[in-house]
Structure formats: structure tokens, C-alpha cells
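Just below is one structure, and these are the notes that go with it.
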Amino acid sequence: MEASMRDRILGADIPEKTRQQLIGYLSGRDVTEEQFGRILSQVINEYGYTRIEPAEAVGIIAAQSIGEPGTQMTMRTFHYAGVAEINVTLGLPRLIEIMDARKTPSTPTMTIYLEEEWSTNRDRAREVSWQIEAAPLHEFGDIITDIVDMQVVVQLNRDVFDRRKISIQEVMERAPKKIRDRHHYRDFESDSDEKAATLTFFPKERESYQNLFQLAEYVKNVIVQGIDDIERVVVRKEEGEYILYTEGSNLRDVFEVKGVDTSRTRTNNIAEISDVLGIEAGRNAIIDEALSTLREQGISVDVRHIMLVADMMCMDGEVKQIGRHGIAGEKESVLSRAAFEVTVNHLLDAAVANEVDILQGVTENVIVGQPIQLGTGDVKLIAKPINQE
């Protein structure tokens with residue numbers, strides 16, 4: 001690209017992201033001055049069309065644009081990616097989850113992409129899945145509750161260990177530690193015999209059958225391989241690479257597993273994304289999840305409405321819900337908060353705190369019967385008196 005063309009792009013009144021995209025598009029292309037002029041003027045015109053009028057009620061338009069199509073959404077749980085074992089909430093319930101900024105979605109799932117060495121080999125992809133999928137101790141052998149000797153005996157199966165690429169010693173060390181740390185249960189002692197591949201647990205109080213059966217339950221379900229929060233992993237081949245779909249989500253621990261492509265791996269848990277990757281990633285996740293939920297139902301909503309909502313939810317550095325415990329409940333205007341929910345409480349608290357409402361927003365001006373400060377209401381007309389002789 002010629003220097004004069006680059007200078008004209010740098011001087012154009014367009015957003016920085018559009019500017020960089022245009023420079024990237026034209027770099028290395030043989031473009032005449034006339035063609036360049038047409039391209040640049042078209043980009044500037046398109047940008048002009050996307051700008052809003054001054055004093056436009058963007059919040060109300062965004063609410064209408066998302067709310068009206070939302071009335072046509074179905075309420076259902078979907079079998080994810082054609083896999084019967086994994087369900088994911090879609091439709092209106094999912095949109096409500098996103099706007100409510102729920103800490104944990106009703107069906108947390110992850111889509112885990114693998115690095116090149118692992119993504120093309122099914123056996124290696126399966127090895128990664130074993131490092132991620134939570135495997136309880138009862139999958140590694142037989143567990144016997146011995147009432148006579150008051151002990152729980154685990155007879156480990158060496159074939160399972162060979163298949164899952166994990167050592168017996170590792171499981172023997174991990175099982176008692178996990179019961180103590182994860183379940184906070186310490187009323188037992190354990191003994192291991194690596195040659196015989198047995199692991200024995202004894203309750204401290206040998207007289208109580210209840211303690212024995214409680215210990216047996218902990219031993220049976222203790223997770224000895226994989227990540228505790230991820231209950232199931234399904235390996236599927238899509239477009240020439242193996243991808244892991246999970247039931248359950250734990251972004252931080254999955255990122256530490258060797259072979260996982262951290263740049264593409266994603267979860268539907270927005271709060272987790274925000275905690276691990278930061279608030280900007282959380283904002284992008286809200287936009288992406290909301291758009292994909294709407295698109296799945298065949299509903300087209302302009303991305304700018306979703307972006308406005310996402311910006312409002314994330315502007316304080318944490319993901320906040322739209323409702324009373326978030327944006328609506330933290331408005332500066334007393335009357336606006338009172339109009340949303342629990343009217344008397346808001347008015348009473350504001351009176352006690354001696355709060356003042358300066359009547360800047362839409363709701364409070366409607367309540368007191370004044371013109372709202374949007375559109376034509378944003379302009380004040382001052383009449384100049386005519387001097388009469």
C-alpha cells in the first residue's frame with residue numbers, strides 16, 4: 001500500500017478497529033487511486049450510518065430489541081452437539097441466566113480444544129480427557145466393606161491403571177489425602193500394599209457401624225484422577241480435529257492440563273471466565289453467549305444492543321446482574337430504584353439517609369410528570385422577548 005493511501009486512512013474519521021482492518025485488507029493489494037477513493041468513502045459512509053442521533057434513548061431501544069424477540073424463545077434443554085449424555089440449557093432460561101449473572105449456570109459445560117499434537121490423534125486426545133474427567137476410586141477396582149474386621153478394602157485393578165496411564169502409587173497417596181482435604185473427614189486411618197494392589201481404610205472408632213459405612217461412602221466416591229468439578233468428558237471429531245465436550249466446568253484447572261489449547265478453550269460459565277481471564281473477557285463472554293443463544297433460536301439482534309447491556313454489567317470491574325442486586329438496585333436515583341421493586345423500603349431508606357433525587361433519568365421524570373431528558377426533551381427553548389415600542 002502506498003504511503004499516501006495509508007496517510008488518508010490514518011486521517012479518516014473512523015474507529016481505530018475499522019482503521020486497522022482496512023489497512024490489513026489493503027496491505028499487499030494492487031489498488032488504484034480511484035478504487036481506493038471509492039473504498040474509503042464507502043467505509044466512512046457505512047460508519048456514518050451506524051452512529052446514533054444525539055439524545056437517542058439507547059437503553060430503551062436495547063431493551064425492546066432484546067425483550068421483544070425474547071417473547072418468542074422456547075424454554076428447553078438441548079442435547080449438546082448431538083451427544084445424548086451432555087445437556088445444556090438454551091433458549092429463554094439461558095438468556096435469563098446470562099442477564100442475571102448467575103455464579104453457576106444450571107448446566108455448566110466446556111468446549112476444550114487441543115494443541116496440534118493432541119488434536120489429530122484419538123488416543124492422545126483420550127489421554128487428555130482422562131486427565132480432565134473426574135474418576136472416582138470405585139472405577140479403579142472393587143471396594144469391599146468388611147463388617148467383621150471393621151475396615152474398607154479396595155482391591156485395585158492393574159489393567160485399569162495401564163489403560164488410564166496413571167500409577168497405582170499415585171492413587172494410593174491421593175485417595176486418603178483427597179478424603180481429608182476435599183470432604184474434611186479425618187476420623188480414619190489408611191494402609192496401602194503396592195505389591196498386592198490393595199488400599200485399606202479403618203475408622204478410628206471401631207465400635208460404630210455408622211462410621212464404617214460413612215467411611216465406605218467417602219472411599220467409593222473420592223476423586224483420584226481428573227478434575228473434581230468435571231463429571232463427564234466426550235471426545236468428538238469435528239472438521240479434522242478431536243474436541244472435548246464436558247459436563248461441568250473448571251477453567252483454571254483445565255488450563256493447567258498438558259495438551260489443552262488455552263487460546264480456544266471456552267466455558268459457558270461467565271463468572272468463571274471473568275475470575276480467571278479478567279473483566280474484558282467476561283464482557284466478551286456475555287456478548288458471545290447472548291448472541292449464540294439468540295441465533296440458536298433463529299433470532300437476529302444487532303450486536304450493539306447486546307454490547308450496551310454487557311458494558312453496563314461490567315463497567316464497575318465485576319459482572320453484575322441487571323436486576324435488584326445489580327444495576328437496577330444501585331441506581332443513584334431514589335425514585336428509579338423505588339419504581340423497580342420494594343418501593344416503600346427504598347423510599348424509607350432514602351429518607352433516613354437524607355438522599356436527594358436530581359431527576360436526570362427517564363423513570364423519575366415520568367413519575368413526577370416532567371419531560372424526559374432525551375430526544376426533543378434534551379433541548380431547552382429560550383424565547384427572547386420582543387421589545388414593544
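For the C-alpha cells, the naming scheme is as follows: chains receive sequential letters (A, B, ...) according to their order of presentation, residues are indexed from 1 within each chain, and ligands are indexed from 1 in presentation order.
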
Using only C-alpha atoms, which residues sit within 10 Å of Gly141 in chain A once same-chain residues fewer than 3 positions away are excluded, as a list in words?
->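 These residues fall inside the cut-off: Leu137, His138, Ile144, Val154, Gln155, Leu156, Asn157, Arg158, Asp159, Val160, Phe161, Ala197, Thr198 and Lys220 of chain A.
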
Members of range 84-249 of chain A assigned strand (DSSP E) by DSSP, as a ChimeraX atom specification = /A:87-90,109-113,135-136,141-146,151-156,188-193,198-203,223-225,232-238,241-247

Counting only C-alpha atoms, what are the residues of range 41-116 of chain A within 12 Å of range 270-274 of chain A, and for each of them which pair of atoms is the nearest and at what distance in Å, to one decimal? Sort the table by chain and rising number, as JSON lines.
{"residue": "A:Arg94", "atom": "CA", "partner": "A:Ile270", "partner_atom": "CA", "distance": 11.8}
{"residue": "A:Glu97", "atom": "CA", "partner": "A:Ile270", "partner_atom": "CA", "distance": 9.8}
{"residue": "A:Ile98", "atom": "CA", "partner": "A:Ile270", "partner_atom": "CA", "distance": 7.7}
{"residue": "A:Met99", "atom": "CA", "partner": "A:Ile270", "partner_atom": "CA", "distance": 10.5}
{"residue": "A:Asp100", "atom": "CA", "partner": "A:Ile270", "partner_atom": "CA", "distance": 10.8}
{"residue": "A:Ala101", "atom": "CA", "partner": "A:Ala271", "partner_atom": "CA", "distance": 7.2}
{"residue": "A:Arg102", "atom": "CA", "partner": "A:Ala271", "partner_atom": "CA", "distance": 7.4}
{"residue": "A:Lys103", "atom": "CA", "partner": "A:Ala271", "partner_atom": "CA", "distance": 5.6}
{"residue": "A:Thr104", "atom": "CA", "partner": "A:Ala271", "partner_atom": "CA", "distance": 7.5}
{"residue": "A:Pro105", "atom": "CA", "partner": "A:Ile270", "partner_atom": "CA", "distance": 8.5}
{"residue": "A:Pro108", "atom": "CA", "partner": "A:Ile270", "partner_atom": "CA", "distance": 10.0}
{"residue": "A:Thr109", "atom": "CA", "partner": "A:Ile270", "partner_atom": "CA", "distance": 11.2}
{"residue": "A:Met110", "atom": "CA", "partner": "A:Ile273", "partner_atom": "CA", "distance": 11.3}

Can you list, as a list in words, every protein, DNA or RNA residue that comes within 10 Å of Leu26 in chain A when you count only C-alpha atoms, leaving out same-chain residues fewer than 2 positions away?
-> Met1, Glu2, Met5, Arg6, Gln21, Leu22, Ile23, Gly24, Gly28, Arg29, Asp30, Val31, Phe36 and Ile39 of chain A

Residue contacts of Tyr209 in chain A (12 Å, only C-alpha atoms) excluding same-chain residues fewer than 2 positions away, as a ChimeraX atom specification | /A:145-152,202-207,211-216

Could you save those same residues with C-alpha atoms as a short mmCIF file (atom, residue, chain, number, x, y, z; two decimals), in the first residue's frame?
data_model
loop_
_atom_site.label_atom_id
_atom_site.label_comp_id
_atom_site.auth_asym_id
_atom_site.auth_seq_id
_atom_site.Cartn_x
_atom_site.Cartn_y
_atom_site.Cartn_z
CA THR A 145 -16.90 -53.20 53.30
CA ASP A 146 -15.61 -55.78 55.81
CA ILE A 147 -18.01 -55.69 58.80
CA VAL A 148 -16.11 -58.42 60.73
CA ASP A 149 -12.75 -56.61 60.77
CA MET A 150 -14.39 -53.15 60.62
CA GLN A 151 -12.45 -51.99 57.56
CA VAL A 152 -12.95 -50.91 53.93
CA PHE A 202 -10.06 -48.19 59.13
CA PRO A 203 -12.47 -45.91 61.07
CA LYS A 204 -10.88 -44.55 64.27
CA GLU A 205 -13.94 -45.56 66.28
CA ARG A 206 -14.09 -49.32 65.61
CA GLU A 207 -17.33 -49.85 67.57
CA ASN A 211 -18.75 -44.62 60.95
CA LEU A 212 -17.71 -47.63 58.86
CA PHE A 213 -20.50 -47.14 56.29
CA GLN A 214 -19.87 -43.39 56.18
CA LEU A 215 -16.19 -44.05 55.52
CA ALA A 216 -17.09 -46.60 52.80
#

Using only C-alpha atoms, which of A:Asp142, A:Pro136, A:Asp311, A:Val303 sits nearest Asp229 in chain A?
->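 The shortest atom-to-atom distance to Asp229 in chain A comes from A:Pro136.
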
Tell me which of A:Ile243, A:Ile168, A:Ala55, A:Val234 sits closest to Gly375 in chain A, counting only C-alpha atoms.
-> A:Ala55

Provide the CA of Arg51 in chain A to CA of Ala12 in chain A distance in Å, to one decimal place.
->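 The value is 15.3 Å.
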
Could you check which of A:Val260, A:Ile358, A:Ala339, A:Ala196 is closest to Ser119 in chain A, using only C-alpha atoms?
->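 Among the listed residues, the smallest separation from Ser119 in chain A belongs to A:Val260.
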
Contacts of Ile112 in chain A at 9 Å or less, counting only C-alpha atoms, minus same-chain residues fewer than 2 places along, as a VMD selection string?
-> chain A and resid 110 114 243 to 246 254 260 to 262 264 to 267

Give me, please, the distance in Å between CA of Asn354 in chain A and CA of Gly329 in chain A, quoted to one decimal.
->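 Between CA of Asn354 in chain A and CA of Gly329 in chain A the gap works out to 17.7 Å.
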
If you measure from CA of Leu308 in chain A to CA of Ala285 in chain A, what distance in Å do you get, rounded to one decimal?
->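 That distance, rounded to one decimal, is 13.5 Å.
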
Distance criterion (only C-alpha atoms): nearest to Asn268 in chain A out of A:Ile299, A:Asn121, A:Glu133, A:Leu90 =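 Between A:Ile299, A:Asn121, A:Glu133, A:Leu90, the residue approaching Asn268 in chain A most closely is A:Leu90.
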
Test item: residues at most 8 Å from Glu341 in chain A, only C-alpha atoms, excluding those fewer than 3 positions along its chain, as a list in words =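 Once the adjacent positions are removed, what remains is Arg324, Arg337 and Ala338 of chain A.
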
Could those selected residues go to a file with C-alpha atoms, as a tab-separated table (two decimals), in the first residue's frame?
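Produced file selection.tsv, reproduced below:
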chain	number	residue	atom	x	y	z
A	324	ARG	CA	-32.27	-5.50	42.00
A	337	ARG	CA	-34.96	2.34	42.47
A	338	ALA	CA	-38.39	2.64	44.14
